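Peer 1: This is coords.pdb (PDB, C-alpha atoms).
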ATOM      1  CA  MET A 878      60.304 -19.404  74.606  1.00  0.00           C
ATOM      2  CA  THR A 879      58.086 -20.524  71.741  1.00  0.00           C
ATOM      3  CA  THR A 880      54.851 -22.363  72.254  1.00  0.00           C
ATOM      4  CA  ALA A 881      53.686 -24.934  69.727  1.00  0.00           C
ATOM      5  CA  THR A 882      50.011 -25.375  69.126  1.00  0.00           C
ATOM      6  CA  ILE A 883      48.231 -28.441  67.893  1.00  0.00           C
ATOM      7  CA  ASN A 884      45.194 -28.045  65.691  1.00  0.00           C
ATOM      8  CA  LEU A 885      42.621 -30.353  67.238  1.00  0.00           C
ATOM      9  CA  GLU A 886      40.007 -29.222  64.754  1.00  0.00           C
ATOM     10  CA  LYS A 887      41.421 -31.359  61.936  1.00  0.00           C
ATOM     11  CA  SER A 888      39.203 -34.181  60.908  1.00  0.00           C
ATOM     12  CA  PRO A 889      40.335 -37.762  61.522  1.00  0.00           C
ATOM     13  CA  GLU A 890      40.452 -38.221  57.735  1.00  0.00           C
ATOM     14  CA  THR A 891      42.833 -35.255  57.344  1.00  0.00           C
ATOM     15  CA  ASN A 892      45.082 -36.661  60.073  1.00  0.00           C
ATOM     16  CA  ARG A 893      45.035 -40.104  58.420  1.00  0.00           C
ATOM     17  CA  ILE A 894      45.996 -38.655  55.034  1.00  0.00           C
ATOM     18  CA  GLU A 895      48.815 -36.588  56.549  1.00  0.00           C
ATOM     19  CA  MET A 896      50.137 -39.635  58.400  1.00  0.00           C
ATOM     20  CA  ILE A 897      50.109 -41.788  55.268  1.00  0.00           C
ATOM     21  CA  ASP A 898      51.835 -39.020  53.282  1.00  0.00           C
ATOM     22  CA  PHE A 899      54.512 -38.829  55.991  1.00  0.00           C
ATOM     23  CA  TYR A 900      55.132 -42.598  55.847  1.00  0.00           C
ATOM     24  CA  ASN A 901      55.311 -42.551  52.043  1.00  0.00           C
ATOM     25  CA  GLU A 902      57.813 -39.680  52.049  1.00  0.00           C
ATOM     26  CA  ALA A 903      59.903 -40.934  54.989  1.00  0.00           C
ATOM     27  CA  THR A 904      60.295 -44.382  53.435  1.00  0.00           C
ATOM     28  CA  GLU A 905      62.620 -42.932  50.821  1.00  0.00           C
ATOM     29  CA  ASP A 906      65.129 -42.256  53.625  1.00  0.00           C
ATOM     30  CA  TYR A 907      64.986 -45.744  55.171  1.00  0.00           C
ATOM     31  CA  GLU A 908      67.837 -47.068  53.044  1.00  0.00           C
ATOM     32  CA  PHE A 909      70.083 -44.229  54.227  1.00  0.00           C
ATOM     33  CA  TRP A 910      69.395 -45.302  57.808  1.00  0.00           C
ATOM     34  CA  SER A 911      69.703 -49.043  57.156  1.00  0.00           C
ATOM     35  CA  LYS A 912      70.524 -51.186  54.116  1.00  0.00           C
ATOM     36  CA  ASP A 913      68.019 -53.712  55.511  1.00  0.00           C
ATOM     37  CA  PHE A 914      65.338 -50.985  55.790  1.00  0.00           C
ATOM     38  CA  ASN A 915      65.156 -51.224  59.583  1.00  0.00           C
ATOM     39  CA  MET A 916      63.554 -48.077  60.934  1.00  0.00           C
ATOM     40  CA  HIS A 917      64.050 -48.340  64.677  1.00  0.00           C
ATOM     41  CA  PHE A 918      66.769 -47.871  67.263  1.00  0.00           C
ATOM     42  CA  GLY A 919      69.701 -50.211  67.680  1.00  0.00           C
ATOM     43  CA  TYR A 920      70.968 -52.342  70.542  1.00  0.00           C
ATOM     44  CA  PHE A 921      74.563 -51.876  71.676  1.00  0.00           C
ATOM     45  CA  ILE A 922      76.581 -54.744  73.152  1.00  0.00           C
ATOM     46  CA  PRO A 923      80.201 -53.845  74.012  1.00  0.00           C
ATOM     47  CA  PHE A 924      82.731 -55.672  71.829  1.00  0.00           C
ATOM     48  CA  LYS A 925      79.929 -57.247  69.763  1.00  0.00           C
ATOM     49  CA  THR A 926      78.183 -54.370  68.005  1.00  0.00           C
ATOM     50  CA  ASN A 927      79.869 -51.285  66.622  1.00  0.00           C
ATOM     51  CA  PRO A 928      78.207 -47.937  67.399  1.00  0.00           C
ATOM     52  CA  PHE A 929      79.668 -46.584  64.154  1.00  0.00           C
ATOM     53  CA  LYS A 930      78.038 -49.317  62.086  1.00  0.00           C
ATOM     54  CA  ARG A 931      74.328 -48.780  62.474  1.00  0.00           C
ATOM     55  CA  ASP A 932      73.179 -51.973  60.745  1.00  0.00           C
ATOM     56  CA  SER A 933      74.989 -54.213  63.243  1.00  0.00           C
ATOM     57  CA  MET A 934      73.141 -52.493  66.100  1.00  0.00           C
ATOM     58  CA  LEU A 935      69.805 -52.428  64.246  1.00  0.00           C
ATOM     59  CA  ASN A 936      70.019 -56.141  63.506  1.00  0.00           C
ATOM     60  CA  GLU A 937      71.046 -56.839  67.091  1.00  0.00           C
ATOM     61  CA  MET A 938      67.846 -55.076  68.198  1.00  0.00           C
ATOM     62  CA  ASN A 939      65.913 -57.377  65.843  1.00  0.00           C
ATOM     63  CA  ASN A 940      67.743 -60.339  67.376  1.00  0.00           C
ATOM     64  CA  GLN A 941      66.906 -59.236  70.931  1.00  0.00           C
ATOM     65  CA  VAL A 942      63.216 -58.738  70.112  1.00  0.00           C
ATOM     66  CA  ILE A 943      62.867 -62.066  68.270  1.00  0.00           C
ATOM     67  CA  LYS A 944      64.726 -63.889  71.066  1.00  0.00           C
ATOM     68  CA  ARG A 945      62.303 -62.477  73.661  1.00  0.00           C
ATOM     69  CA  LEU A 946      59.313 -63.740  71.682  1.00  0.00           C
ATOM     70  CA  ASN A 947      60.495 -67.283  72.529  1.00  0.00           C
ATOM     71  CA  LEU A 948      59.810 -68.637  69.056  1.00  0.00           C
ATOM     72  CA  THR A 949      61.057 -72.203  68.857  1.00  0.00           C
ATOM     73  CA  ASN A 950      61.838 -74.134  65.701  1.00  0.00           C
ATOM     74  CA  LYS A 951      58.231 -75.347  65.584  1.00  0.00           C
ATOM     75  CA  LYS A 952      55.810 -73.870  63.084  1.00  0.00           C
ATOM     76  CA  ALA A 953      54.789 -70.374  64.229  1.00  0.00           C
ATOM     77  CA  SER A 954      53.294 -67.166  62.922  1.00  0.00           C
ATOM     78  CA  LEU A 955      54.231 -63.563  63.652  1.00  0.00           C
ATOM     79  CA  ILE A 956      52.550 -60.232  63.017  1.00  0.00           C
ATOM     80  CA  ASP A 957      54.401 -56.925  62.823  1.00  0.00           C
ATOM     81  CA  MET A 958      51.972 -54.111  63.621  1.00  0.00           C
ATOM     82  CA  GLY A 959      53.309 -51.093  61.761  1.00  0.00           C
ATOM     83  CA  CYS A 960      55.975 -52.975  59.840  1.00  0.00           C
ATOM     84  CA  GLY A 961      57.187 -50.298  57.426  1.00  0.00           C
ATOM     85  CA  MET A 962      58.941 -52.208  54.665  1.00  0.00           C
ATOM     86  CA  GLY A 963      59.246 -55.366  56.772  1.00  0.00           C
ATOM     87  CA  GLY A 964      62.867 -55.181  57.930  1.00  0.00           C
ATOM     88  CA  THR A 965      62.228 -56.885  61.267  1.00  0.00           C
ATOM     89  CA  MET A 966      59.995 -59.473  59.600  1.00  0.00           C
ATOM     90  CA  ARG A 967      62.723 -60.351  57.092  1.00  0.00           C
ATOM     91  CA  TYR A 968      65.252 -60.700  59.890  1.00  0.00           C
ATOM     92  CA  ALA A 969      62.920 -63.056  61.779  1.00  0.00           C
ATOM     93  CA  LEU A 970      62.108 -65.070  58.657  1.00  0.00           C
ATOM     94  CA  LYS A 971      65.809 -65.475  57.815  1.00  0.00           C
ATOM     95  CA  ASN A 972      66.525 -66.803  61.303  1.00  0.00           C
ATOM     96  CA  LYS A 973      63.413 -68.886  62.018  1.00  0.00           C
ATOM     97  CA  LYS A 974      62.873 -71.323  59.155  1.00  0.00           C
ATOM     98  CA  ASN A 975      59.416 -72.523  60.279  1.00  0.00           C
ATOM     99  CA  LEU A 976      58.071 -69.024  60.776  1.00  0.00           C
ATOM    100  CA  SER A 977      55.507 -67.261  58.629  1.00  0.00           C
ATOM    101  CA  ALA A 978      54.861 -63.553  59.072  1.00  0.00           C
ATOM    102  CA  PHE A 979      52.402 -60.822  58.233  1.00  0.00           C
ATOM    103  CA  GLY A 980      52.894 -57.123  58.556  1.00  0.00           C
ATOM    104  CA  VAL A 981      50.506 -54.210  58.405  1.00  0.00           C
ATOM    105  CA  THR A 982      51.163 -50.637  57.323  1.00  0.00           C
ATOM    106  CA  LEU A 983      49.032 -47.700  56.259  1.00  0.00           C
ATOM    107  CA  SER A 984      51.354 -46.934  53.356  1.00  0.00           C
ATOM    108  CA  GLU A 985      50.685 -48.329  49.869  1.00  0.00           C
ATOM    109  CA  PHE A 986      54.313 -47.598  48.952  1.00  0.00           C
ATOM    110  CA  GLN A 987      55.693 -49.468  51.985  1.00  0.00           C
ATOM    111  CA  MET A 988      53.391 -52.402  51.266  1.00  0.00           C
ATOM    112  CA  GLN A 989      54.457 -52.676  47.627  1.00  0.00           C
ATOM    113  CA  GLN A 990      58.194 -52.216  48.246  1.00  0.00           C
ATOM    114  CA  GLY A 991      58.166 -54.427  51.341  1.00  0.00           C
ATOM    115  CA  ASN A 992      56.401 -57.263  49.537  1.00  0.00           C
ATOM    116  CA  MET A 993      59.016 -57.112  46.765  1.00  0.00           C
ATOM    117  CA  LEU A 994      61.713 -57.533  49.435  1.00  0.00           C
ATOM    118  CA  LEU A 995      59.744 -60.427  50.983  1.00  0.00           C
ATOM    119  CA  LYS A 996      59.210 -62.333  47.724  1.00  0.00           C
ATOM    120  CA  ASN A 997      61.586 -65.167  48.733  1.00  0.00           C
ATOM    121  CA  TYR A 998      60.222 -65.462  52.271  1.00  0.00           C
ATOM    122  CA  ARG A 999      57.056 -66.727  53.925  1.00  0.00           C
ATOM    123  CA  GLY A1000      55.841 -63.217  54.650  1.00  0.00           C
ATOM    124  CA  ASN A1001      53.341 -60.709  53.365  1.00  0.00           C
ATOM    125  CA  ILE A1002      52.544 -57.069  54.098  1.00  0.00           C
ATOM    126  CA  LEU A1003      48.975 -55.799  54.003  1.00  0.00           C
ATOM    127  CA  LYS A1004      47.756 -52.227  53.809  1.00  0.00           C
ATOM    128  CA  GLU A1005      45.724 -52.051  57.006  1.00  0.00           C
ATOM    129  CA  ASN A1006      45.427 -50.063  60.201  1.00  0.00           C
ATOM    130  CA  TYR A1007      46.915 -52.037  63.075  1.00  0.00           C
ATOM    131  CA  ASN A1008      44.125 -50.789  65.327  1.00  0.00           C
ATOM    132  CA  ASN A1009      41.588 -52.654  63.203  1.00  0.00           C
ATOM    133  CA  THR A1010      42.991 -55.529  61.153  1.00  0.00           C
ATOM    134  CA  SER A1011      41.211 -58.217  59.184  1.00  0.00           C
ATOM    135  CA  PHE A1012      42.775 -60.957  61.339  1.00  0.00           C
ATOM    136  CA  PRO A1013      40.639 -62.789  63.895  1.00  0.00           C
ATOM    137  CA  SER A1014      41.808 -62.807  67.523  1.00  0.00           C
ATOM    138  CA  ASN A1015      44.508 -65.344  68.410  1.00  0.00           C
ATOM    139  CA  THR A1016      45.681 -65.777  64.818  1.00  0.00           C
ATOM    140  CA  PHE A1017      49.382 -65.338  65.652  1.00  0.00           C
ATOM    141  CA  ASN A1018      51.855 -66.888  68.061  1.00  0.00           C
ATOM    142  CA  ALA A1019      53.761 -63.614  68.441  1.00  0.00           C
ATOM    143  CA  ALA A1020      53.372 -59.928  67.721  1.00  0.00           C
ATOM    144  CA  LEU A1021      55.662 -56.939  67.587  1.00  0.00           C
ATOM    145  CA  ALA A1022      55.162 -53.251  66.936  1.00  0.00           C
TER
END
For this file, write the structure as structure tokens.
Peer 2:
Amino acid sequence: MTTATINLEKSPETNRIEMIDFYNEATEDYEFWSKDFNMHFGYFIPFKTNPFKRDSMLNEMNNQVIKRLNLTNKKASLIDMGCGMGGTMRYALKNKKNLSAFGVTLSEFQMQQGNMLLKNYRGNILKENYNNTSFPSNTFNAALA
């Protein structure tokens, strides 16, 4: 049996840099996983979603999450804390016409690419740490992570 060790001596700055590098590098693989750049697990519904077609299950997961947020057709705002390239945000914005959305990511690359994909929507991605954003409390009607 092999034992893994974790170096707890690394500085918080080193950990932050390594995490950002990971997100920047992993983002290149998002499109392989999902043409909509969803980077999460899917939701299977027998006879509705196909387990061999990942995007149908990924978008069904988006649907289930957005449905549970109880967003009506009234004007509302959403924040995605750790949004990647904004796949879930885009899904929500396509399906809720009176919704505006913000996302936060640590990755400059994800922010730039995600904002290009959001250019025709009422959404924006900021490069921020979701543990300490620039938004005041109670800014949004709904949040997801």
Peer 1: I need the residue set behind the PyMOL selection byres ((chain A and resi 961) around 7) for this file; please write it as a VMD selection string.
Peer 2: chain A and resid 959 to 960 962 to 963 982 987
Peer 1: What does the PyMOL selection byres ((chain A and resi 933-947) around 10) select in this file, as number ranges by chain?
Peer 2: A: 910-911, 913-922, 925-932, 948-950, 955, 964-969, 972-973, 1018-1021
Peer 1: List the neighbours of segment 894-897 of chain A out to 9 Å using only C-alpha atoms; skip same-chain residues closer than 5 positions along the sequence, and give me the result as a list in words.
Peer 2: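 The neighbour list is Pro889, Glu902, Leu983, Ser984 and Glu985 of chain A.
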Peer 1: Can you tell me, as a CSV table (one decimal) with C-alpha atoms, in the frame of the given file, which residues sit within 12 Å of (43.1, -56.8, 60.4) in the file's frame, using only C-alpha atoms?
Peer 2:
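Produced file point.csv, reproduced below:
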chain,number,residue,atom,x,y,z
A,956,ILE,CA,52.6,-60.2,63.0
A,957,ASP,CA,54.4,-56.9,62.8
A,958,MET,CA,52.0,-54.1,63.6
A,959,GLY,CA,53.3,-51.1,61.8
A,979,PHE,CA,52.4,-60.8,58.2
A,980,GLY,CA,52.9,-57.1,58.6
A,981,VAL,CA,50.5,-54.2,58.4
A,982,THR,CA,51.2,-50.6,57.3
A,983,LEU,CA,49.0,-47.7,56.3
A,1002,ILE,CA,52.5,-57.1,54.1
A,1003,LEU,CA,49.0,-55.8,54.0
A,1004,LYS,CA,47.8,-52.2,53.8
A,1005,GLU,CA,45.7,-52.1,57.0
A,1006,ASN,CA,45.4,-50.1,60.2
A,1007,TYR,CA,46.9,-52.0,63.1
A,1008,ASN,CA,44.1,-50.8,65.3
A,1009,ASN,CA,41.6,-52.7,63.2
A,1010,THR,CA,43.0,-55.5,61.2
A,1011,SER,CA,41.2,-58.2,59.2
A,1012,PHE,CA,42.8,-61.0,61.3
A,1013,PRO,CA,40.6,-62.8,63.9
A,1014,SER,CA,41.8,-62.8,67.5
A,1015,ASN,CA,44.5,-65.3,68.4
A,1016,THR,CA,45.7,-65.8,64.8
A,1017,PHE,CA,49.4,-65.3,65.7
Peer 1: I'd like the interatomic distance between atom CA of Leu970 of chain A and atom CA of Phe986 of chain A, to a tenth of an Å.
Peer 2: 21.5 Å
